[in-house]
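Coordinates as given in model_20.txt (compact mmCIF, C-alpha atoms):
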# COMPACT_ATOMS: atom_id res chain seq x y z
CA MET A 1 140.46 116.77 37.78
CA SER A 2 143.28 118.27 39.79
CA GLU A 3 146.88 118.60 38.66
CA TRP A 4 148.78 115.44 39.58
CA LEU A 5 151.90 115.05 37.47
CA LYS A 6 153.74 118.10 36.16
CA ILE A 7 156.79 118.27 33.91
CA ARG A 8 158.64 121.34 32.68
CA ALA A 9 162.00 120.13 31.41
CA GLN A 10 164.72 120.70 28.83
CA LEU A 11 167.13 118.28 27.25
CA VAL A 12 169.40 120.57 25.28
CA GLU A 13 171.38 118.04 23.25
CA ARG A 14 168.15 116.47 21.92
CA GLY A 15 166.43 119.82 21.38
CA ILE A 16 163.64 119.09 23.86
CA ASP A 17 161.86 121.81 25.81
CA ALA A 18 158.54 120.34 26.88
CA GLY A 19 155.96 120.96 29.54
CA PHE A 20 152.50 119.63 30.37
CA ASP A 21 150.37 118.46 33.29
CA VAL A 22 148.51 115.20 33.85
CA SER A 23 145.51 115.04 36.17
CA ARG A 24 144.97 112.36 38.78
CA GLY A 25 143.48 109.25 37.16
CA GLU A 26 143.72 110.77 33.68
CA VAL A 27 144.77 108.91 30.53
CA LEU A 28 146.91 111.26 28.44
CA ALA A 29 148.03 110.50 24.89
CA LEU A 30 151.43 112.02 24.11
CA LEU A 31 151.27 112.14 20.32
CA GLY A 32 153.68 113.19 17.62
CA PRO A 33 155.76 111.94 14.70
CA GLU A 34 158.81 109.74 15.11
CA GLY A 35 161.67 111.75 16.58
CA ALA A 36 159.44 114.35 18.23
CA GLY A 37 160.91 113.62 21.66
CA LYS A 38 158.08 111.59 23.20
CA SER A 39 160.28 108.77 24.51
CA SER A 40 162.76 111.24 25.99
CA VAL A 41 159.97 113.01 27.88
CA LEU A 42 158.76 109.71 29.33
CA ALA A 43 162.33 108.89 30.33
CA MET A 44 162.69 112.24 32.12
CA ILE A 45 159.48 111.56 34.05
CA ALA A 46 160.63 108.04 34.98
CA GLY A 47 164.11 109.26 35.93
CA THR A 48 166.08 107.17 33.43
CA VAL A 49 167.19 110.38 31.67
CA THR A 50 168.19 113.50 33.61
CA PRO A 51 166.95 116.85 32.25
CA ASP A 52 169.43 119.69 31.85
CA ARG A 53 166.96 122.14 33.40
CA GLY A 54 163.46 122.11 34.77
CA GLU A 55 161.31 120.22 37.25
CA VAL A 56 159.17 117.13 37.56
CA THR A 57 156.62 116.91 40.37
CA LEU A 58 154.05 114.31 41.41
CA ALA A 59 151.34 115.55 43.74
CA ASP A 60 153.31 117.30 46.51
CA ALA A 61 156.57 115.43 45.85
CA VAL A 62 159.42 116.98 43.90
CA LEU A 63 161.05 114.29 41.76
CA PHE A 64 163.43 116.57 39.89
CA ASP A 65 164.34 120.23 40.30
CA SER A 66 167.51 121.49 38.66
CA ALA A 67 167.47 124.75 40.61
CA ALA A 68 167.26 122.93 43.96
CA SER A 69 169.58 120.06 42.92
CA VAL A 70 166.86 117.47 43.56
CA ASP A 71 166.91 114.26 41.52
CA VAL A 72 165.03 111.31 43.00
CA ALA A 73 166.39 107.95 41.86
CA VAL A 74 164.36 105.74 39.55
CA THR A 75 163.74 103.28 42.38
CA GLY A 76 162.37 106.08 44.55
CA ARG A 77 159.75 107.21 42.05
CA PRO A 78 156.29 105.58 42.18
CA ILE A 79 156.34 105.42 38.39
CA ALA A 80 156.40 102.47 36.00
CA LEU A 81 157.73 102.79 32.45
CA MET A 82 156.94 100.09 29.88
CA PRO A 83 159.53 100.53 27.13
CA GLN A 84 159.07 100.00 23.44
CA ARG A 85 158.94 96.30 22.57
CA PRO A 86 158.98 95.00 26.16
CA VAL A 87 160.48 91.58 26.91
CA LEU A 88 158.95 88.87 29.09
CA TYR A 89 160.98 86.55 31.31
CA THR A 90 161.10 83.32 29.30
CA SER A 91 161.76 81.15 32.35
CA LEU A 92 158.57 82.34 34.08
CA THR A 93 154.94 81.56 33.37
CA VAL A 94 152.47 84.27 32.37
CA ARG A 95 151.25 84.55 35.96
CA GLU A 96 154.79 84.71 37.33
CA ASN A 97 155.69 87.43 34.83
CA VAL A 98 152.74 89.52 36.00
CA GLU A 99 153.51 88.78 39.66
CA TYR A 100 156.91 90.34 39.11
CA GLY A 101 155.30 93.81 39.04
CA PRO A 102 153.80 93.78 42.55
CA ARG A 103 156.75 91.75 43.92
CA SER A 104 159.12 94.49 42.71
CA ARG A 105 157.12 96.92 44.87
CA GLY A 106 157.48 94.74 47.97
CA SER A 107 154.22 92.74 47.93
CA SER A 108 154.16 89.27 49.50
CA ALA A 109 153.95 86.21 47.25
CA THR A 110 150.31 85.69 48.22
CA GLU A 111 149.36 89.29 47.54
CA ALA A 112 151.31 89.35 44.27
CA ALA A 113 149.48 86.23 43.08
CA ARG A 114 146.12 87.77 43.93
CA VAL A 115 146.92 91.02 42.13
CA ALA A 116 148.31 89.19 39.10
CA LEU A 117 145.20 87.04 38.71
CA GLU A 118 142.97 90.09 39.10
CA TRP A 119 144.72 91.97 36.30
CA LEU A 120 145.04 88.92 34.04
CA GLY A 121 141.30 88.45 34.37
CA ALA A 122 140.74 92.08 33.40
CA ALA A 123 142.91 91.55 30.31
CA ASP A 124 140.96 88.39 29.42
CA MET A 125 144.14 86.34 29.81
CA ALA A 126 143.14 84.12 32.72
CA ASP A 127 143.25 80.96 30.57
CA LEU A 128 146.95 81.51 29.83
CA VAL A 129 148.31 81.87 33.36
CA ARG A 130 150.40 78.67 33.21
CA ARG A 131 151.74 79.24 29.71
CA ARG A 132 155.31 80.35 29.10
CA PRO A 133 156.19 83.24 26.79
CA ARG A 134 157.52 81.05 23.96
CA LYS A 135 154.03 79.54 23.64
CA LEU A 136 152.35 82.96 23.25
CA THR A 137 151.51 84.84 20.08
CA ALA A 138 153.05 88.28 19.64
CA ALA A 139 149.74 89.90 20.56
CA GLN A 140 149.34 87.76 23.68
CA ALA A 141 152.89 88.51 24.79
CA ARG A 142 152.31 92.24 24.45
CA VAL A 143 149.09 92.02 26.48
CA VAL A 144 150.97 90.15 29.22
CA ALA A 145 153.61 92.91 29.26
CA LEU A 146 150.89 95.54 29.58
CA THR A 147 149.19 93.56 32.33
CA ARG A 148 152.50 93.29 34.22
CA ALA A 149 152.83 97.08 34.09
CA PHE A 150 149.30 97.62 35.43
CA ALA A 151 149.80 95.00 38.15
CA GLU A 152 152.67 97.05 39.54
CA GLU A 153 149.95 99.63 40.39
CA PRO A 154 152.20 102.68 40.23
CA ARG A 155 150.92 106.20 40.75
CA VAL A 156 151.98 107.01 37.17
CA LEU A 157 152.14 104.47 34.35
CA LEU A 158 154.13 105.41 31.24
CA LEU A 159 153.57 103.35 28.07
CA ASP A 160 156.09 104.03 25.31
CA ASP A 161 154.63 103.06 21.93
CA PRO A 162 152.68 100.11 23.38
CA PHE A 163 151.81 98.71 19.92
CA GLY A 164 155.23 99.22 18.33
CA GLY A 165 156.60 96.27 16.37
CA LEU A 166 153.26 94.44 16.16
CA GLU A 167 151.78 93.25 12.89
CA PRO A 168 148.83 95.44 11.81
CA ALA A 169 146.38 92.61 12.47
CA ASP A 170 147.61 92.33 16.08
CA VAL A 171 147.19 96.01 16.98
CA ALA A 172 143.38 96.01 17.35
CA PRO A 173 143.18 93.10 19.86
CA VAL A 174 146.07 94.52 21.92
CA ARG A 175 144.46 97.96 21.90
CA ALA A 176 141.17 96.38 23.03
CA ALA A 177 143.01 94.64 25.89
CA LEU A 178 144.60 97.93 26.92
CA ARG A 179 141.16 99.54 26.95
CA ARG A 180 139.95 96.77 29.28
CA LEU A 181 142.89 97.31 31.61
CA LEU A 182 142.29 101.06 31.70
CA ARG A 183 138.59 100.48 32.38
CA ARG A 184 139.39 98.02 35.18
CA ARG A 185 141.68 100.59 36.78
CA ALA A 186 138.98 103.28 36.52
CA ASP A 187 136.26 100.96 37.88
CA ALA A 188 138.45 100.18 40.88
CA ALA A 189 138.80 103.93 41.55
CA ARG A 190 142.57 103.64 41.47
CA SER A 191 144.34 106.98 41.15
CA THR A 192 147.00 105.89 38.64
CA SER A 193 147.56 108.36 35.83
CA THR A 194 148.63 106.95 32.47
CA VAL A 195 150.67 108.56 29.70
CA ILE A 196 150.68 106.75 26.36
CA ALA A 197 153.28 107.85 23.81
CA SER A 198 152.33 107.08 20.23
CA ALA A 199 152.78 108.24 16.66
CA GLU A 200 149.27 106.99 15.81
CA PHE A 201 146.47 109.47 16.38
CA VAL A 202 143.92 106.65 16.57
CA ASP A 203 145.51 105.60 19.87
CA GLY A 204 144.53 108.97 21.31
CA LEU A 205 141.01 108.65 19.99
CA ALA A 206 140.63 105.09 21.27
CA LEU A 207 142.31 105.31 24.65
CA ALA A 208 142.83 108.81 26.02
CA ASP A 209 140.89 111.47 27.89
CA ARG A 210 143.20 114.16 26.54
CA ALA A 211 145.97 114.53 23.97
CA VAL A 212 149.22 116.51 23.96
CA VAL A 213 151.00 116.84 20.60
CA MET A 214 154.77 117.20 20.33
CA GLU A 215 156.80 118.32 17.33
CA ASN A 216 160.55 118.94 17.19
CA GLY A 217 160.90 118.54 20.95
CA MET A 218 158.15 120.99 21.92
CA VAL A 219 154.47 120.78 22.87
CA VAL A 220 152.49 122.41 20.06
CA ASP A 221 148.91 121.42 20.81
CA ALA A 222 146.70 120.02 23.58
CA GLY A 223 143.05 119.23 24.11
CA THR A 224 140.60 116.38 23.64
CA PRO A 225 141.76 113.94 20.94
CA THR A 226 138.84 114.74 18.66
CA GLY A 227 139.28 118.47 19.26
CA VAL A 228 142.99 118.40 18.47
CA LEU A 229 142.37 116.48 15.26
CA ALA A 230 139.51 118.72 14.19
CA GLU A 231 141.41 121.97 14.80
CA SER A 232 144.69 120.72 13.24
CA ARG A 233 146.83 123.49 14.70
CA SER A 234 149.98 121.34 14.55
CA LEU A 235 151.71 120.03 11.44
CA PHE A 236 151.37 116.49 12.78
CA ALA A 237 147.62 116.84 13.22
CA ALA A 238 147.33 118.68 9.93
CA ASP A 239 148.96 115.73 8.16
CA LEU A 240 146.20 113.59 9.66
CA ALA A 241 143.45 116.10 8.99
CA GLY A 242 142.30 113.83 6.19
CA THR A 243 141.34 111.18 8.72
CA ASN A 244 137.58 110.86 8.57
CA LEU A 245 135.63 111.17 11.81
CA LEU A 246 131.92 110.39 11.89
CA PHE A 247 129.95 110.88 15.09
CA GLY A 248 126.80 109.01 15.99
CA THR A 249 125.32 106.27 18.16
CA ALA A 250 126.15 102.57 18.42
CA VAL A 251 123.24 100.43 17.20
CA GLU A 252 122.41 96.75 16.90
CA ALA A 253 123.48 95.37 13.53
CA ASP A 254 123.95 91.96 11.95
CA PRO A 255 123.63 89.40 14.78
CA ALA A 256 126.08 87.13 12.90
CA ARG A 257 128.85 89.69 13.42
CA ARG A 258 130.97 89.85 16.57
CA PRO A 259 130.38 92.38 17.97
CA ALA A 260 126.92 92.70 16.46
CA LEU A 261 127.07 96.49 16.46
CA ALA A 262 127.38 99.28 13.94
CA MET A 263 127.07 103.06 14.21
CA ARG A 264 124.25 105.30 13.04
CA THR A 265 125.51 108.77 12.17
CA GLU A 266 123.90 111.94 13.44
CA ALA A 267 122.47 112.40 9.93
CA GLY A 268 120.94 108.90 9.91
CA ALA A 269 123.36 106.80 7.82
CA GLN A 270 124.77 103.53 9.11
CA ILE A 271 128.40 102.40 9.05
CA GLY A 272 129.99 99.15 10.17
CA GLY A 273 133.51 98.35 11.30
CA ALA A 274 135.65 96.99 14.12
CA VAL A 275 133.84 98.01 17.30
CA ALA A 276 135.54 98.63 20.66
CA ALA A 277 134.68 95.91 23.15
CA ASP A 278 133.30 98.35 25.73
CA LEU A 279 130.92 100.07 23.31
CA GLY A 280 127.26 99.20 23.84
CA ALA A 281 124.10 99.85 21.86
CA GLY A 282 122.90 103.40 22.46
CA ASP A 283 126.34 104.72 23.43
CA PRO A 284 127.77 107.83 21.72
CA ALA A 285 130.38 106.70 19.21
CA VAL A 286 132.90 107.91 16.65
CA ALA A 287 133.91 106.03 13.50
CA VAL A 288 137.43 106.56 12.15
CA PHE A 289 138.58 105.70 8.62
CA ALA A 290 141.02 106.89 5.96
CA PRO A 291 140.01 108.61 2.70
CA ARG A 292 141.37 105.67 0.69
CA ALA A 293 138.85 103.37 2.38
CA VAL A 294 136.04 105.24 0.58
CA THR A 295 134.56 104.42 -2.81
CA VAL A 296 132.57 107.26 -4.38
CA ARG A 297 129.35 106.61 -6.28
CA ARG A 298 126.85 108.93 -7.85
CA ALA A 299 123.72 109.13 -5.71
CA GLN A 300 120.93 106.71 -6.58
CA ASP A 301 117.76 105.92 -4.65
CA GLY A 302 118.32 103.16 -2.14
CA MET A 303 122.10 102.98 -2.57
CA PRO A 304 123.72 101.94 0.75
CA GLY A 305 126.42 104.19 2.10
CA ILE A 306 126.86 107.70 3.42
CA PRO A 307 125.04 110.36 1.39
CA VAL A 308 127.04 113.54 0.88
CA ARG A 309 126.87 116.76 -1.07
CA VAL A 310 130.16 117.52 -2.81
CA ALA A 311 131.68 120.59 -1.16
CA ARG A 312 135.16 120.72 -2.71
CA LEU A 313 137.36 118.93 -5.24
CA GLN A 314 141.10 119.19 -4.54
CA ALA A 315 144.23 117.97 -6.29
CA TYR A 316 146.21 115.75 -3.90
CA GLY A 317 149.38 114.69 -5.66
CA ALA A 318 148.31 112.43 -8.51
CA ARG A 319 144.90 111.88 -6.93
CA ILE A 320 141.75 113.90 -6.36
CA ARG A 321 140.27 114.48 -2.92
CA VAL A 322 136.50 114.75 -2.83
CA ARG A 323 135.21 116.58 0.23
CA GLY A 324 131.56 115.97 0.99
CA SER A 325 129.17 117.35 3.60
CA HIS A 326 127.19 114.74 5.50
CA ASP A 327 126.45 116.45 8.81
CA ASP A 328 127.22 119.69 10.59
CA ARG A 329 130.44 118.49 12.24
CA ARG A 330 133.05 118.36 9.47
CA GLU A 331 133.49 117.34 5.86
CA LEU A 332 134.25 113.74 4.93
CA ILE A 333 137.03 113.00 2.45
CA ALA A 334 137.44 110.38 -0.27
CA GLU A 335 140.38 109.93 -2.62
CA LEU A 336 140.01 109.09 -6.31
CA GLY A 337 142.47 108.21 -9.01
CA PRO A 338 142.37 110.30 -12.22
CA ALA A 339 140.41 107.68 -14.18
CA ALA A 340 137.71 107.33 -11.50
CA ALA A 341 137.46 111.11 -11.20
CA ARG A 342 136.94 111.49 -14.95
CA GLU A 343 134.33 108.72 -15.02
CA LEU A 344 132.31 110.21 -12.15
CA ALA A 345 132.62 113.78 -13.47
CA LEU A 346 131.59 115.17 -10.10
CA GLU A 347 130.94 118.87 -9.59
CA VAL A 348 130.64 120.98 -6.46
CA GLY A 349 127.06 120.75 -5.22
CA ALA A 350 126.44 117.32 -6.72
CA GLU A 351 124.95 114.57 -4.58
CA ALA A 352 127.06 111.44 -4.11
CA VAL A 353 127.39 108.41 -1.85
CA PHE A 354 130.53 107.46 0.06
CA VAL A 355 130.73 103.67 0.39
CA VAL A 356 133.19 102.78 3.16
CA ASP A 357 135.02 99.46 3.45
CA PRO A 358 134.00 98.19 6.92
CA ASP A 359 137.33 96.35 7.29
CA ALA A 360 139.02 99.77 7.31
CA VAL A 361 136.74 101.34 9.94
CA GLU A 362 137.28 101.45 13.72
CA ILE A 363 134.44 102.55 16.00
CA PHE A 364 135.12 103.82 19.52
CA PRO A 365 133.18 105.46 22.35
CA ALA A 366 133.00 109.18 21.69
CA GLY A 367 134.95 110.98 24.40
Would you mind writing the structure in this file as structure tokens?
Amino acid sequence: MSEWLKIRAQLVERGIDAGFDVSRGEVLALLGPEGAGKSSVLAMIAGTVTPDRGEVTLADAVLFDSAASVDVAVTGRPIALMPQRPVLYTSLTVRENVEYGPRSRGSSATEAARVALEWLGAADMADLVRRRPRKLTAAQARVVALTRAFAEEPRVLLLDDPFGGLEPADVAPVRAALRRLLRRRADAARSTSTVIASAEFVDGLALADRAVVMENGMVVDAGTPTGVLAESRSLFAADLAGTNLLFGTAVEADPARRPALAMRTEAGAQIGGAVAADLGAGDPAVAVFAPRAVTVRRAQDGMPGIPVRVARLQAYGARIRVRGSHDDRRELIAELGPAAARELALEVGAEAVFVVDPDAVEIFPAG
């Protein structure tokens, strides 16, 4: 990929001094804790906030250059910014809301209707085109807002915390819809680059080609999402270093489940969970789950779960973290309360089984 979008900018009052590049057609996750400066960086790219110093370029066009006194207006930038908690027009139908994107870029009514229906179909929202926002669920309304942003077909699409404010149960279906929209854009060979700002590392794993991590207004890490999490060079990633990642292959599972898929690890164990809609049997996959989703059992013949050899036992506040080796990639982690730890009486080198709650597991294509 070639360099497409480039930002090197400072916002002194907010303590921001950030720089990174985005390649043409790339999906970049801009990750970091609340207050890291992610929203401000998106605003500087979109032009709604003016940097104190620096430059923003898109392909061969200079959008901002403090040294040359260049500052292209928001309306002159081929960039769309979906803010946190976007609002739909209540007087318009779903289709009319999505048509607003291409109409704002000068498309005719006929062309806007065609584009809107195309993107609503990609988001699996075609059955709701005549519905008005007050008749939508929160998840449906957020998908419509995302679809409207894609239908604008900008050269750069900025999504600021696209799942913010949603109930936990609504995040997975909205994330799946966003994956479908990103896939539709890629299948159509459109050159739009997307930057997704989020405080949730799983969004990087699920959606992005590459991740940039911000802390205290500065970029502190960059790389593939799995690589950034595994290396944990930033405090933000280090705080999430307990997130379990298991690599393997998607396999057919219980046909009564939807989707009827699970994942077989590289060491041969099987794990179930919520599977990304675009993951098919035989595809490389990664399962993500928290240490508290794991129950630890002493190894017994035939016990279902993930067999591990205990590598380390660590105090973690009032709890005990059990680190176990399952494959050659990285250790898995479980958390135990004091009573459970005493009852199991595990020692380093002992064999155990990690039983993972499938309702707490998400399985994505391995990127």
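Across the structure, CA of Ser66 (chain A) and CA of Arg8 (chain A) are spaced 10.7 Å apart.
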Fewer than 4 positions away in the same chain doesn't count, so skip those; otherwise give me all residues within 8 Å of Ala139 (chain A), counting only C-alpha atoms, as a compact mmCIF listing (two decimals) with C-alpha atoms, in the coordinates of the input.
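out-v1.txt written:
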# COMPACT_ATOMS: atom_id res chain seq x y z
CA VAL A 143 149.09 92.02 26.48
CA LEU A 166 153.26 94.44 16.16
CA ASP A 170 147.61 92.33 16.08
CA VAL A 171 147.19 96.01 16.98
CA PRO A 173 143.18 93.10 19.86
CA VAL A 174 146.07 94.52 21.92
Nearby residues (all atoms listed in the file) at most 8 Å from region 11-18 of chain A, same-chain spacing under 3 positions excluded, as number ranges by chain: A: 7-8, 37, 41, 51-53, 216-219
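Distance-wise, CA of Leu336 (chain A) and CA of Asp357 (chain A) end up 14.6 Å apart.
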Name the closest residue to Ala211 (chain A) among the candidates A:Leu229, A:Pro133, A:Ala126, A:Leu146; distances are taken between atoms, counting all atoms listed in the file. A:Leu229
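Separating CA of Thr194 (chain A) from CA of Glu55 (chain A) is a distance of 19.0 Å.
With all atoms listed in the file as the atoms that count, the minimum distance from Ser325 (chain A) to the choices A:Ser40, A:Thr147, A:Asn244, A:Thr249 is reached by A:Asn244.
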Selection: 10 Å around Val202 (chain A), all atoms listed in the file, excl. self and same-chain fewer than 2 positions, as a PyMOL selection string: chain A and resi 31+198-200+204-208+225-226+243+288-289+362+364
Can you fill out region 170-194 of chain A with N, CA and C atoms and hand it back as a PDB file, in the coordinates of the input?
ATOM      1  N   ASP A 170     147.523  92.551  14.632  1.00  0.00           N
ATOM      2  CA  ASP A 170     147.610  92.330  16.080  1.00  0.00           C
ATOM      3  C   ASP A 170     147.299  93.589  16.882  1.00  0.00           C
ATOM      4  N   VAL A 171     147.332  94.759  16.232  1.00  0.00           N
ATOM      5  CA  VAL A 171     147.190  96.010  16.980  1.00  0.00           C
ATOM      6  C   VAL A 171     145.800  96.122  17.602  1.00  0.00           C
ATOM      7  N   ALA A 172     144.749  95.833  16.840  1.00  0.00           N
ATOM      8  CA  ALA A 172     143.380  96.010  17.350  1.00  0.00           C
ATOM      9  C   ALA A 172     143.116  95.173  18.596  1.00  0.00           C
ATOM     10  N   PRO A 173     143.453  93.856  18.626  1.00  0.00           N
ATOM     11  CA  PRO A 173     143.180  93.100  19.860  1.00  0.00           C
ATOM     12  C   PRO A 173     144.021  93.569  21.049  1.00  0.00           C
ATOM     13  N   VAL A 174     145.248  94.015  20.807  1.00  0.00           N
ATOM     14  CA  VAL A 174     146.070  94.520  21.920  1.00  0.00           C
ATOM     15  C   VAL A 174     145.501  95.843  22.409  1.00  0.00           C
ATOM     16  N   ARG A 175     145.073  96.694  21.493  1.00  0.00           N
ATOM     17  CA  ARG A 175     144.460  97.960  21.900  1.00  0.00           C
ATOM     18  C   ARG A 175     143.189  97.700  22.706  1.00  0.00           C
ATOM     19  N   ALA A 176     142.390  96.711  22.290  1.00  0.00           N
ATOM     20  CA  ALA A 176     141.170  96.380  23.030  1.00  0.00           C
ATOM     21  C   ALA A 176     141.517  95.891  24.443  1.00  0.00           C
ATOM     22  N   ALA A 177     142.592  95.104  24.565  1.00  0.00           N
ATOM     23  CA  ALA A 177     143.010  94.640  25.890  1.00  0.00           C
ATOM     24  C   ALA A 177     143.461  95.814  26.758  1.00  0.00           C
ATOM     25  N   LEU A 178     144.170  96.755  26.165  1.00  0.00           N
ATOM     26  CA  LEU A 178     144.600  97.930  26.920  1.00  0.00           C
ATOM     27  C   LEU A 178     143.396  98.746  27.372  1.00  0.00           C
ATOM     28  N   ARG A 179     142.390  98.853  26.534  1.00  0.00           N
ATOM     29  CA  ARG A 179     141.160  99.540  26.950  1.00  0.00           C
ATOM     30  C   ARG A 179     140.533  98.841  28.152  1.00  0.00           C
ATOM     31  N   ARG A 180     140.529  97.503  28.144  1.00  0.00           N
ATOM     32  CA  ARG A 180     139.950  96.770  29.280  1.00  0.00           C
ATOM     33  C   ARG A 180     140.747  97.019  30.556  1.00  0.00           C
ATOM     34  N   LEU A 181     142.064  97.047  30.431  1.00  0.00           N
ATOM     35  CA  LEU A 181     142.890  97.310  31.610  1.00  0.00           C
ATOM     36  C   LEU A 181     142.658  98.717  32.148  1.00  0.00           C
ATOM     37  N   LEU A 182     142.558  99.686  31.260  1.00  0.00           N
ATOM     38  CA  LEU A 182     142.290 101.060  31.700  1.00  0.00           C
ATOM     39  C   LEU A 182     140.905 101.157  32.357  1.00  0.00           C
ATOM     40  N   ARG A 183     139.939 100.449  31.800  1.00  0.00           N
ATOM     41  CA  ARG A 183     138.590 100.480  32.380  1.00  0.00           C
ATOM     42  C   ARG A 183     138.573  99.813  33.755  1.00  0.00           C
ATOM     43  N   ARG A 184     139.322  98.710  33.881  1.00  0.00           N
ATOM     44  CA  ARG A 184     139.390  98.020  35.180  1.00  0.00           C
ATOM     45  C   ARG A 184     140.000  98.943  36.231  1.00  0.00           C
ATOM     46  N   ARG A 185     141.052  99.657  35.851  1.00  0.00           N
ATOM     47  CA  ARG A 185     141.680 100.590  36.780  1.00  0.00           C
ATOM     48  C   ARG A 185     140.703 101.686  37.183  1.00  0.00           C
ATOM     49  N   ALA A 186     139.942 102.216  36.211  1.00  0.00           N
ATOM     50  CA  ALA A 186     138.980 103.280  36.520  1.00  0.00           C
ATOM     51  C   ALA A 186     137.848 102.757  37.393  1.00  0.00           C
ATOM     52  N   ASP A 187     137.357 101.535  37.093  1.00  0.00           N
ATOM     53  CA  ASP A 187     136.260 100.960  37.880  1.00  0.00           C
ATOM     54  C   ASP A 187     136.674 100.713  39.324  1.00  0.00           C
ATOM     55  N   ALA A 188     137.955 100.434  39.525  1.00  0.00           N
ATOM     56  CA  ALA A 188     138.450 100.180  40.880  1.00  0.00           C
ATOM     57  C   ALA A 188     138.797 101.473  41.610  1.00  0.00           C
ATOM     58  N   ALA A 189     138.544 102.609  40.956  1.00  0.00           N
ATOM     59  CA  ALA A 189     138.800 103.930  41.550  1.00  0.00           C
ATOM     60  C   ALA A 189     140.259 104.104  41.950  1.00  0.00           C
ATOM     61  N   ARG A 190     141.148 103.450  41.211  1.00  0.00           N
ATOM     62  CA  ARG A 190     142.570 103.640  41.470  1.00  0.00           C
ATOM     63  C   ARG A 190     142.996 104.977  40.879  1.00  0.00           C
ATOM     64  N   SER A 191     143.982 105.610  41.521  1.00  0.00           N
ATOM     65  CA  SER A 191     144.340 106.980  41.150  1.00  0.00           C
ATOM     66  C   SER A 191     145.498 107.040  40.155  1.00  0.00           C
ATOM     67  N   THR A 192     145.892 105.901  39.593  1.00  0.00           N
ATOM     68  CA  THR A 192     147.000 105.890  38.640  1.00  0.00           C
ATOM     69  C   THR A 192     146.688 106.761  37.430  1.00  0.00           C
ATOM     70  N   SER A 193     147.640 107.610  37.081  1.00  0.00           N
ATOM     71  CA  SER A 193     147.560 108.360  35.830  1.00  0.00           C
ATOM     72  C   SER A 193     148.391 107.633  34.794  1.00  0.00           C
ATOM     73  N   THR A 194     147.958 107.677  33.545  1.00  0.00           N
ATOM     74  CA  THR A 194     148.630 106.950  32.470  1.00  0.00           C
ATOM     75  C   THR A 194     148.983 107.905  31.346  1.00  0.00           C
TER      76      THR A 194
END
